[in-house]
Amino acid sequence: MSAKTQFNLQQFLATRTKTVNAALDKFLPSDKTRPVTIHKAMRYSLFAGGKRMRPALCLAAAAACGGREADALPLACAVECIHTYSLIHDDLPAMDNDDFRRGKPTNHKVFGDGIAVLAGDALLTQAFEIAAQSRGWPRYTHRDLILEIAKASGSLQLVAGQVADLEGEGRKLSVDELRYIHERKTSALLCCSVRLGGMSANCTAAQLKALTDFGYHVGLAFQVIDDILDVTQTSEQLGKTAGKDTQAQKATYPAIVGLEKSRQIAEQLTAKAFAALKIFKGKAVALEALAEFLLKRDK
């Protein structure tokens with residue numbers, strides 16, 4: 001307990017963000033490299049002030065398994081490139097049609113739709129180029145690492161979530177259909193992040209399974225809590241439950257099962273996420289602190 005109390009999460013996030021940003025800056029072509037527009041667009045969204053939560057989870061997972069953060073760094077950067085690509089594409093007029101992200105105009109608002117599409121494409125490809133520069137480990141070869149990233153970001157996971165989300169707008173979804181979206185839009189990449197961190201530490205099969213359980217439940221719980229906050233914050237501010245998700249006719253857990261049941265689901269998922277870390281016997285301090293930060297919000 002004392003280790004957890006002494007752990008400084010804000011300092012951990014600040015130092016890791018700095019490390020990840022410096023590494024990303026080196027991995028990406030400069031904004032003076034031809035064609036200049038595409039590299040400016042890629043960097044615009046990549047350095048738009050993200051929390052670097054996925055890279056932090058990747059590095060923390062490596063530490064939990066006794067690995068070196070330097071070995072996990074290329075994989076942490078690869079995951080962040082995929083996350084940023086997905087945001088650029090999600091914001092496009094053909095998708096969620098958002099004008100702002102993190103308080104700044106979205107990529108297509110600055111560079112136009114065509115360049116925004118290409119910037120996302122380029123960041124997705126960049127992720128594999130970066131991951132290919134990490135070294136393989138006895139239990140996990142380059143093939144394993146590339147497969148891990150490809151599966152998480154492909155048509156069965158990340159892309160599947162966005163497709164189901166688009167097709168679900170305006171329809172009454174079941175809890176299973178909503179979970180399918182959340183598992184793929186949020187859980188898949190979070191799970192991939194911690195798994196890659198473990199792989200970079202040459203973790204055991206049991207450790208990898210624990211990290212997989214942790215990442216899955218953190219991702220799902222995070223999204224359920226997001227749904228809850230969208231309703232409760234709106235209720236307090238506007239005196240009604242018509243949040244932005246309701247306006248967009250998006251299905252949420254509170255809309256389908258009600259607020260109380262949603263809170264119960266969030267509690268159960270959160271408990272499972274923390275239970276998965278018991279195998280690390282107190283060595284997953286950073287992962288526990290990150291989970292606290294993501295899941296113990298005001299719900």
# chains A, B, ... in the order shown; residues from 1 in each chain; ligands from 1
>>> select_by_dssp(residues="stretch 10-223 of chain A", states="helix (DSSP H, G or I)", output="JSON, numbers by chain")
{"A": [10, 11, 12, 13, 14, 15, 16, 17, 18, 19, 20, 21, 22, 23, 24, 25, 26, 27, 36, 37, 38, 39, 40, 41, 42, 43, 44, 45, 46, 53, 54, 55, 56, 57, 58, 59, 60, 61, 62, 63, 64, 69, 70, 71, 72, 73, 74, 75, 76, 77, 78, 79, 80, 81, 82, 83, 84, 85, 86, 87, 88, 89, 90, 107, 108, 109, 110, 111, 113, 114, 115, 116, 117, 118, 119, 120, 121, 122, 123, 124, 125, 126, 127, 128, 129, 130, 131, 142, 143, 144, 145, 146, 147, 148, 149, 150, 151, 152, 153, 158, 159, 160, 161, 162, 163, 164, 165, 166, 167, 168, 175, 176, 177, 178, 179, 180, 181, 182, 183, 184, 185, 186, 187, 188, 189, 190, 191, 192, 193, 194, 195, 196, 197, 198, 199, 200, 205, 206, 207, 208, 209, 210, 211, 212, 213, 214, 215, 216, 217, 218, 219, 220, 221, 222, 223]}
>>> residues_around(residues="A:Gln223", least_positions_apart="5", cutoff="10 Å", atoms="only C-alpha atoms", output="PyMOL selection string")
chain A and resi 179+181-183+185-187+217-218+228-229+252-253+266+294-295
>>> residues_around(residues="stretch 76-87 of chain A", least_positions_apart="6", cutoff="7 Å", atoms="only C-alpha atoms", output="VMD selection string")
chain A and resid 20 24 45 to 46 54 to 55 58 to 59 120 to 121 123 to 124 127 to 128 130 to 131 193
>>> atom_distance(atom1="atom CA of A:Pro254", atom2="atom CA of A:Ala164")
18.6 Å
>>> closest_residue(among="A:Ala60, A:Leu211, A:Met199, A:Val231", to="A:Lys272", atoms="only C-alpha atoms")
A:Leu211
>>> atom_distance(atom1="atom CA of A:Asp226", atom2="atom CA of A:Ile256")
14.4 Å
>>> residues_around(residues="stretch 166-169 of chain A", least_positions_apart="4", cutoff="10 Å", atoms="only C-alpha atoms", output="VMD selection string")
chain A and resid 94 to 96 160 to 162 173 177 to 178 181 245 248 to 251
>>> write_last_selection(atoms="C-alpha atoms", output="PDB file, in the first residue's frame")
ATOM      1  CA  ALA A  94     -17.988  11.432 -43.574  1.00  0.00           C
ATOM      2  CA  MET A  95     -17.640   9.995 -40.045  1.00  0.00           C
ATOM      3  CA  ASP A  96     -18.310  11.919 -36.797  1.00  0.00           C
ATOM      4  CA  ALA A 160     -14.861  -2.965 -36.901  1.00  0.00           C
ATOM      5  CA  GLY A 161     -15.752  -0.745 -33.946  1.00  0.00           C
ATOM      6  CA  GLN A 162     -15.983   2.353 -36.112  1.00  0.00           C
ATOM      7  CA  LEU A 173     -28.903  -1.191 -30.136  1.00  0.00           C
ATOM      8  CA  GLU A 177     -24.163  -4.653 -29.897  1.00  0.00           C
ATOM      9  CA  LEU A 178     -22.991  -1.706 -27.789  1.00  0.00           C
ATOM     10  CA  ILE A 181     -18.538  -1.327 -30.416  1.00  0.00           C
ATOM     11  CA  ASP A 245     -24.519  11.321 -27.606  1.00  0.00           C
ATOM     12  CA  ALA A 248     -26.186  12.237 -32.368  1.00  0.00           C
ATOM     13  CA  GLN A 249     -28.602   9.356 -31.673  1.00  0.00           C
ATOM     14  CA  LYS A 250     -25.699   7.293 -30.407  1.00  0.00           C
ATOM     15  CA  ALA A 251     -26.383   4.334 -28.165  1.00  0.00           C
TER      16      ALA A 251
END
>>> closest_residue(among="A:Gly258, A:Gly198, A:Pro29, A:Gly136", to="A:Val175", atoms="only C-alpha atoms")
A:Gly258
>>> closest_residue(among="A:Ser200, A:Asn107, A:Gln6, A:Thr17", to="A:Tyr140", atoms="only C-alpha atoms")
A:Ser200
>>> closest_residue(among="A:Met53, A:Ala221, A:Ala122, A:Leu189", to="A:Gln10", atoms="only C-alpha atoms")
A:Met53
>>> decode(residues="stretch 79-179 of chain A", atoms="C-alpha atoms", output="mmCIF file, in the first residue's frame")
data_model
loop_
_atom_site.group_PDB
_atom_site.id
_atom_site.type_symbol
_atom_site.label_atom_id
_atom_site.label_comp_id
_atom_site.auth_asym_id
_atom_site.auth_seq_id
_atom_site.Cartn_x
_atom_site.Cartn_y
_atom_site.Cartn_z
ATOM 1 C CA VAL A 79 0.403 2.551 -30.798
ATOM 2 C CA GLU A 80 0.159 6.339 -30.459
ATOM 3 C CA CYS A 81 0.465 6.748 -34.246
ATOM 4 C CA ILE A 82 -2.441 4.325 -34.718
ATOM 5 C CA HIS A 83 -4.527 6.097 -32.084
ATOM 6 C CA THR A 84 -3.906 9.488 -33.743
ATOM 7 C CA TYR A 85 -4.712 8.146 -37.212
ATOM 8 C CA SER A 86 -8.033 6.804 -35.900
ATOM 9 C CA LEU A 87 -8.905 10.204 -34.394
ATOM 10 C CA ILE A 88 -8.119 12.067 -37.636
ATOM 11 C CA HIS A 89 -10.382 9.724 -39.588
ATOM 12 C CA ASP A 90 -13.114 9.704 -36.907
ATOM 13 C CA ASP A 91 -13.324 13.501 -37.071
ATOM 14 C CA LEU A 92 -13.882 13.602 -40.856
ATOM 15 C CA PRO A 93 -17.217 14.920 -42.214
ATOM 16 C CA ALA A 94 -17.988 11.432 -43.574
ATOM 17 C CA MET A 95 -17.640 9.995 -40.045
ATOM 18 C CA ASP A 96 -18.310 11.919 -36.797
ATOM 19 C CA ASN A 97 -17.905 15.343 -38.450
ATOM 20 C CA ASP A 98 -16.085 17.140 -35.615
ATOM 21 C CA ASP A 99 -14.599 20.614 -36.025
ATOM 22 C CA PHE A 100 -12.502 20.610 -32.854
ATOM 23 C CA ARG A 101 -10.347 18.150 -30.936
ATOM 24 C CA ARG A 102 -8.425 19.016 -27.756
ATOM 25 C CA GLY A 103 -9.513 22.627 -28.219
ATOM 26 C CA LYS A 104 -7.900 22.941 -31.652
ATOM 27 C CA PRO A 105 -9.424 22.754 -35.156
ATOM 28 C CA THR A 106 -9.465 19.155 -36.411
ATOM 29 C CA ASN A 107 -7.016 18.042 -39.084
ATOM 30 C CA HIS A 108 -9.431 18.338 -42.009
ATOM 31 C CA LYS A 109 -10.396 21.844 -40.896
ATOM 32 C CA VAL A 110 -6.764 22.932 -41.211
ATOM 33 C CA PHE A 111 -5.509 20.850 -44.140
ATOM 34 C CA GLY A 112 -8.705 19.818 -45.984
ATOM 35 C CA ASP A 113 -10.412 16.422 -46.195
ATOM 36 C CA GLY A 114 -8.015 14.869 -48.734
ATOM 37 C CA ILE A 115 -4.820 15.612 -46.801
ATOM 38 C CA ALA A 116 -6.511 14.548 -43.526
ATOM 39 C CA VAL A 117 -7.336 11.140 -45.043
ATOM 40 C CA LEU A 118 -3.744 10.791 -46.269
ATOM 41 C CA ALA A 119 -2.288 11.980 -42.933
ATOM 42 C CA GLY A 120 -4.244 9.216 -41.184
ATOM 43 C CA ASP A 121 -3.104 6.668 -43.776
ATOM 44 C CA ALA A 122 0.503 7.775 -43.357
ATOM 45 C CA LEU A 123 0.382 7.562 -39.537
ATOM 46 C CA LEU A 124 -1.057 4.044 -39.689
ATOM 47 C CA THR A 125 1.764 2.998 -42.021
ATOM 48 C CA GLN A 126 4.312 4.858 -39.874
ATOM 49 C CA ALA A 127 3.269 2.729 -36.902
ATOM 50 C CA PHE A 128 4.464 -0.435 -38.632
ATOM 51 C CA GLU A 129 7.718 1.216 -39.698
ATOM 52 C CA ILE A 130 8.397 2.219 -36.083
ATOM 53 C CA ALA A 131 7.406 -1.186 -34.671
ATOM 54 C CA ALA A 132 9.753 -2.888 -37.156
ATOM 55 C CA GLN A 133 12.631 -0.986 -35.507
ATOM 56 C CA SER A 134 12.034 -2.604 -32.112
ATOM 57 C CA ARG A 135 14.099 -5.688 -31.385
ATOM 58 C CA GLY A 136 12.529 -9.115 -31.157
ATOM 59 C CA TRP A 137 12.624 -11.191 -27.952
ATOM 60 C CA PRO A 138 13.034 -14.912 -27.296
ATOM 61 C CA ARG A 139 9.295 -15.460 -26.744
ATOM 62 C CA TYR A 140 8.082 -12.776 -29.163
ATOM 63 C CA THR A 141 9.542 -12.331 -32.635
ATOM 64 C CA HIS A 142 9.072 -9.385 -34.997
ATOM 65 C CA ARG A 143 6.310 -11.415 -36.617
ATOM 66 C CA ASP A 144 4.422 -11.564 -33.289
ATOM 67 C CA LEU A 145 4.735 -7.809 -32.755
ATOM 68 C CA ILE A 146 3.572 -6.866 -36.261
ATOM 69 C CA LEU A 147 0.688 -9.373 -36.072
ATOM 70 C CA GLU A 148 -0.365 -7.922 -32.711
ATOM 71 C CA ILE A 149 -0.583 -4.376 -34.104
ATOM 72 C CA ALA A 150 -2.191 -5.448 -37.393
ATOM 73 C CA LYS A 151 -4.920 -7.440 -35.661
ATOM 74 C CA ALA A 152 -5.746 -4.687 -33.155
ATOM 75 C CA SER A 153 -6.032 -2.015 -35.850
ATOM 76 C CA GLY A 154 -7.685 -4.116 -38.572
ATOM 77 C CA SER A 155 -11.191 -4.862 -39.818
ATOM 78 C CA LEU A 156 -11.968 -7.231 -36.934
ATOM 79 C CA GLN A 157 -11.079 -4.781 -34.141
ATOM 80 C CA LEU A 158 -10.491 -1.001 -34.346
ATOM 81 C CA VAL A 159 -12.025 -0.580 -37.822
ATOM 82 C CA ALA A 160 -14.861 -2.965 -36.901
ATOM 83 C CA GLY A 161 -15.752 -0.745 -33.946
ATOM 84 C CA GLN A 162 -15.983 2.353 -36.112
ATOM 85 C CA VAL A 163 -18.082 0.519 -38.739
ATOM 86 C CA ALA A 164 -20.511 -0.762 -36.085
ATOM 87 C CA ASP A 165 -20.635 2.726 -34.539
ATOM 88 C CA LEU A 166 -21.530 4.315 -37.893
ATOM 89 C CA GLU A 167 -24.123 1.669 -38.698
ATOM 90 C CA GLY A 168 -25.594 1.910 -35.197
ATOM 91 C CA GLU A 169 -26.459 5.616 -35.346
ATOM 92 C CA GLY A 170 -30.189 6.209 -35.153
ATOM 93 C CA ARG A 171 -30.847 2.535 -34.313
ATOM 94 C CA LYS A 172 -31.878 1.008 -30.989
ATOM 95 C CA LEU A 173 -28.903 -1.191 -30.136
ATOM 96 C CA SER A 174 -28.816 -4.111 -27.711
ATOM 97 C CA VAL A 175 -26.289 -4.244 -24.855
ATOM 98 C CA ASP A 176 -24.348 -6.885 -26.809
ATOM 99 C CA GLU A 177 -24.163 -4.653 -29.897
ATOM 100 C CA LEU A 178 -22.991 -1.706 -27.789
ATOM 101 C CA ARG A 179 -20.366 -3.852 -26.039
#
